[in-house]
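Participant: Dropping the structure in here first, questions after.
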Amino acid sequence: MRKGLTWFNVTSIALGFAFLYIPILILVIYSFNASRLVTVWAGFSTQWYWALLENDQLIDAAWVTLRIAFFSSLVATVLGTMAALALTRYGRFWGRSLFSGMIYAPLVMPEVITGLSLLLLFVAVNFDRGFWTVLLAHITFTMCFVAVVVQSRLVTFDRALEEAALDLGCPPFKTFFTITLPLILPAVVSGFMLAFTLSLDDLVIASFTTGPGATTLPMRIYSQVRLGVTPEINAVCTILIAIVTVVVIVASIVTKRAENLRQAEERAALQG
Amino acid sequence: MAAEKPRNQTIGAVRRTFQPWADPDKKPLIRFENVVKRFGDFTAVDNVSLDIYEREFFALLGPSGCGKTTLMRMLAGFEEPTEGRLTLAGEDISGIPPYRRPVNMMFQSYALFPHMNVLDNIAFGLKQDKMPKADIAARVEEMLKLTKLEKFAKRKPHQLSGGQRQRVALARSLAKRPKVLLLDEPLGALDKKLREETQFELMDLQMDLGMTFLIVTHDQEEAMTVADRIAVMNHGVLMQVAPPAVIYEQPATRYVADFIGEVNLVEGKVISASGDETRLSSPITPHPLRVSQSLGLKPGEEACIAIRPEKLRISLDEPADTSENCFRGEIWDIGYLGDLSIYHVELECGQRIKVSQPNLSRVVQRPITWDDKVWVTFAPHAGVMLTR
């Protein structure tokens, strides 16, 4: 087989990347536009980033979004990890397959339905919609992503390690925190980061479940765009892209390194 | 390997006379009483009663899935018996969780904590006991010395070779000075040479520490080498519990005879039995068979004679006395192992028997070769009569 790139490969890669990234690139470039008109280039400027600082509405929305993303992914990480443990550890309990099916359902559930059903629930129990309802909704839909990530790590976890700790006199609860958690931590951290980014850019579910005083950044952007795209929006989006990119890259580096380390250990074990 | 250390003179004396199982007044350290373990419909351990004594090196031997590991895991506390009682030093230990049992286990995969270095791995159990720091340090130092790991104290498990990891696992499980050390296929991951070396090290270690070791293995040579007594298991049932030499020379059943080492099983019918001798006829040879053993069998009853290949003699010449205990046949196959040769001899009836013979001399005038007509004989005390 020929190695290296043929012109066909080069073209398809170029087209693929262009398709994915040209819109984003244009958005980023125009965020540095000096003109107020979005489509006319009038020289480089960072004025829209400075203007952002003056825009209380956007800053408020960003602050709400970050708080929701942080706390919802924190809770989702705890709940998701617990669900993953239950699914991998307690081999057969009553209703196990139903439970695992229900954990994964939100992964494929259309967001509109998740959002609508949560809205109906909050209305039914007469829960005032706002910050807390968005937070709860985000925990609900990001938890299953955490569960999936953590579960895939737990499947390859050697339970003899926990048994060894128990055998040496370490009670189960302590064993979890001294042995299990440190070893699955990379997966838990990447689950957290995944939940964080998902929460950060969610528009649909947040729109359904929010109330007065809890407008998230994606909602704010969306409503402003309907009145016309301003360079300020471009600047906000650029910042958002930067945050998401950094988080995703860090998450993948963390998992990659843990994976490499584990493989190195396995190789060393095989070579004896 | 370090320089040979001088032998503790008392070991020989202890080894020669050690047989607490023969003393009816001796209290066992571990006692399985009619222990049954079921997993759903599967019975892993089926009504096992077994006594293991202090300072004994005891081996559970059997094919995979025979229940030997389950038996050990019940002692460690990872499984609870479905029925029966399990006592340690006279105390019923059922219901006591693994972290409160005075036994420690060395795992087959070693189960070293990958995020801790050798030092912390060994100290882990001691820290759980809230031992003073100075005592922990002293004990860990002692364990490192015992297992010759001083130089590797700061290394992580993945920076060690298989043999070194095995020693860390051993040091970690010994550190708490458990009443019983459980070893689950401890040498399975080592290569043959290192394994044999380590077997002898384990024996010396067990003697020096005066501890009770319980080893689970599927490797019969390993069990024979290290153990004071062996329990042969199959399908969750104990087939025989005895010292290695008894297991080999006086197997209780066909299964044990066949499982341990090589054996020829010759089916026969009793012709006559007198005093301590039995004569049998067998469909595979026209000559009658005589064994110096009497199980109180009556003429006409069926029995089987188990003869180890090395206890058969093979020759090209007709023996002087062909009235009994001989087979005629033709060489079917030869396996040359260096120290000995294995001959597969096809008898006239078509059945094949195995004969092994040491190659005592470097040069033989006329070696036995393929298609040779040979005579195979055995002494009356070479065979063991089995009825089960």
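Letters A, B, ... mark the chains of the structure tokens in the order given; residue numbers begin at 1 per chain; ligand numbers begin at 1, in order shown.
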May I have the residues within 9 Å of B:Asp339 as a list in words, using only C-alpha atoms and disregarding those fewer than 2 positions away in the same chain?

Facilitator: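 Returned residues: Tyr336, Leu337, Ser341, Gln357, Pro358, Asn359 and Leu360 of chain B.
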
Participant: Would you put the residues from that selection into a file with N, CA and C atoms, as a PDB file, in the first residue's frame?

Facilitator:
ATOM      1  N   TYR B 336      12.495 -37.894  23.326  1.00  0.00           N
ATOM      2  CA  TYR B 336      13.806 -37.818  23.970  1.00  0.00           C
ATOM      3  C   TYR B 336      13.903 -36.497  24.713  1.00  0.00           C
ATOM      4  N   LEU B 337      13.988 -36.533  26.050  1.00  0.00           N
ATOM      5  CA  LEU B 337      14.008 -35.303  26.840  1.00  0.00           C
ATOM      6  C   LEU B 337      15.393 -34.992  27.372  1.00  0.00           C
ATOM      7  N   SER B 341      14.016 -40.632  28.493  1.00  0.00           N
ATOM      8  CA  SER B 341      13.289 -40.829  27.245  1.00  0.00           C
ATOM      9  C   SER B 341      11.932 -41.417  27.568  1.00  0.00           C
ATOM     10  N   GLN B 357      12.386 -43.904  30.866  1.00  0.00           N
ATOM     11  CA  GLN B 357      13.603 -44.542  31.308  1.00  0.00           C
ATOM     12  C   GLN B 357      14.702 -43.498  31.371  1.00  0.00           C
ATOM     13  N   PRO B 358      15.448 -43.420  32.489  1.00  0.00           N
ATOM     14  CA  PRO B 358      16.527 -42.431  32.535  1.00  0.00           C
ATOM     15  C   PRO B 358      17.643 -42.802  31.566  1.00  0.00           C
ATOM     16  N   ASN B 359      18.229 -41.807  30.962  1.00  0.00           N
ATOM     17  CA  ASN B 359      19.354 -42.054  30.062  1.00  0.00           C
ATOM     18  C   ASN B 359      20.631 -41.968  30.886  1.00  0.00           C
ATOM     19  N   LEU B 360      20.978 -43.088  31.493  1.00  0.00           N
ATOM     20  CA  LEU B 360      22.060 -43.092  32.473  1.00  0.00           C
ATOM     21  C   LEU B 360      23.432 -43.033  31.817  1.00  0.00           C
TER      22      LEU B 360
END

Participant: Go through chain B and flag each residue having an atom no more than 6 Å from chain A; for those, report the closest pair of atoms plus their distance in Å to one decimal, using only C-alpha atoms, ordered by chain and rising number, as a tab-separated table.

Facilitator:
residue	atom	partner	partner_atom	distance
B:Pro98	CA	A:Asp167	CA	5.3
B:Tyr99	CA	A:Gly169	CA	3.9
B:Asn104	CA	A:Asp167	CA	5.9
B:Ala111	CA	A:Leu161	CA	4.8
B:Gly125	CA	A:Leu168	CA	4.5
B:Gln128	CA	A:Gly169	CA	5.8
B:His158	CA	A:Glu265	CA	4.8
B:Ser161	CA	A:Gly272	CA	4.6
B:Gly162	CA	A:Gly272	CA	3.8

Participant: As an exercise, work out the distance from atom CA of B:Ser294 to atom CA of B:Val384 in Å and give it to one decimal place.

Facilitator: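 Atom-to-atom, atom CA of B:Ser294 to atom CA of B:Val384, that is 10.0 Å.
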
Participant: Quick one: of B:Gly163, B:Pro243, B:Gly62, B:Gly95, who's nearest to B:Tyr255, counting only C-alpha atoms?

Facilitator: B:Gly62

Participant: Quick check for you: according to DSSP on this backbone, which residues of stretch 37-279 of chain B are classed as helix (DSSP H, G or I)? Reply as a PyMOL selection string.

Facilitator: chain B and resi 68-76+98-100+118-128+133-146+150-152+157-159+162-174+192-209+220-226+244-249+254-259

Participant: By how many Å are atom CA of A:Val247 and atom CA of A:Met193 apart?

Facilitator: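 Taking atom CA of A:Val247 as the start and atom CA of A:Met193 as the end point, the length is 6.4 Å.
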
Participant: Write out as a PyMOL selection string each polymer residue whose atoms come within 8 Å of A:Thr142, counting only C-alpha atoms; drop sequence neighbours fewer than 6 positions from it.

Facilitator: chain A and resi 73+76+195+198-199

Participant: Give me a file of those residues, with N, CA, C and O atoms, as a compact mmCIF listing (two decimals), in the first residue's frame.

Facilitator:
# COMPACT_ATOMS: atom_id res chain seq x y z
N SER A 73 -22.00 21.00 36.01
CA SER A 73 -21.09 19.91 35.65
C SER A 73 -20.47 19.29 36.90
O SER A 73 -20.18 18.09 36.92
N ALA A 76 -23.21 16.99 38.05
CA ALA A 76 -23.36 15.93 37.05
C ALA A 76 -22.20 14.95 37.15
O ALA A 76 -22.39 13.74 36.96
N ALA A 195 -19.07 17.84 30.33
CA ALA A 195 -20.31 18.39 30.87
C ALA A 195 -20.27 19.92 30.86
O ALA A 195 -21.24 20.58 30.51
N LEU A 198 -20.72 21.24 27.32
CA LEU A 198 -22.10 21.02 26.87
C LEU A 198 -23.03 22.04 27.49
O LEU A 198 -23.91 22.58 26.83
N SER A 199 -22.83 22.30 28.77
CA SER A 199 -23.68 23.25 29.48
C SER A 199 -23.44 24.66 28.95
O SER A 199 -24.37 25.44 28.78

Participant: Got a sec: who's within 9 Å of A:Val38, counting only C-alpha atoms, leaving out chain neighbours fewer than 3 positions off, as a list of chain:residue names?

Facilitator: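 In the requested format, the answer is A:Tyr30, A:Ser31, A:Asn33, A:Ser35, A:Trp41, A:Val229, A:Thr230, A:Pro231, A:Asn234.
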
Participant: Filtering to N, CA, C and O atoms, could you give me those residues as an mmCIF file, in the first residue's frame?

Facilitator:
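The result, written out as result.cif:
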data_model
loop_
_atom_site.group_PDB
_atom_site.id
_atom_site.type_symbol
_atom_site.label_atom_id
_atom_site.label_comp_id
_atom_site.auth_asym_id
_atom_site.auth_seq_id
_atom_site.Cartn_x
_atom_site.Cartn_y
_atom_site.Cartn_z
ATOM 1 N N TYR A 30 -13.804 38.723 11.680
ATOM 2 C CA TYR A 30 -14.652 39.922 11.744
ATOM 3 C C TYR A 30 -14.817 40.459 13.162
ATOM 4 O O TYR A 30 -15.251 41.587 13.352
ATOM 5 N N SER A 31 -14.444 39.625 14.169
ATOM 6 C CA SER A 31 -14.502 40.171 15.523
ATOM 7 C C SER A 31 -13.405 41.215 15.727
ATOM 8 O O SER A 31 -13.464 42.002 16.657
ATOM 9 N N ASN A 33 -12.717 43.406 13.368
ATOM 10 C CA ASN A 33 -13.003 44.408 12.341
ATOM 11 C C ASN A 33 -13.227 45.773 13.001
ATOM 12 O O ASN A 33 -13.871 45.875 14.037
ATOM 13 N N SER A 35 -14.852 48.194 11.549
ATOM 14 C CA SER A 35 -16.127 48.759 11.104
ATOM 15 C C SER A 35 -17.289 48.228 11.920
ATOM 16 O O SER A 35 -17.239 47.136 12.476
ATOM 17 N N TRP A 41 -14.840 45.003 5.721
ATOM 18 C CA TRP A 41 -13.574 45.034 6.465
ATOM 19 C C TRP A 41 -13.017 46.432 6.454
ATOM 20 O O TRP A 41 -12.853 47.033 5.400
ATOM 21 N N VAL A 229 -26.688 41.241 13.378
ATOM 22 C CA VAL A 229 -25.409 40.813 13.922
ATOM 23 C C VAL A 229 -24.529 42.021 14.179
ATOM 24 O O VAL A 229 -24.345 42.852 13.299
ATOM 25 N N THR A 230 -24.008 42.134 15.373
ATOM 26 C CA THR A 230 -23.072 43.212 15.672
ATOM 27 C C THR A 230 -21.688 42.616 15.867
ATOM 28 O O THR A 230 -21.555 41.449 16.221
ATOM 29 N N PRO A 231 -20.638 43.395 15.636
ATOM 30 C CA PRO A 231 -19.273 42.893 15.847
ATOM 31 C C PRO A 231 -19.055 42.451 17.290
ATOM 32 O O PRO A 231 -18.248 41.579 17.568
ATOM 33 N N ASN A 234 -19.675 38.872 17.525
ATOM 34 C CA ASN A 234 -18.520 38.139 17.007
ATOM 35 C C ASN A 234 -17.447 37.990 18.076
ATOM 36 O O ASN A 234 -16.849 36.926 18.237
#

Participant: For the structure I just gave you, how does DSSP split stretch 59-140 of chain B - specifically, which residues are strand (DSSP E)? Reply as number ranges by chain.

Facilitator: B: 59-61, 83-88, 91-92, 103-106
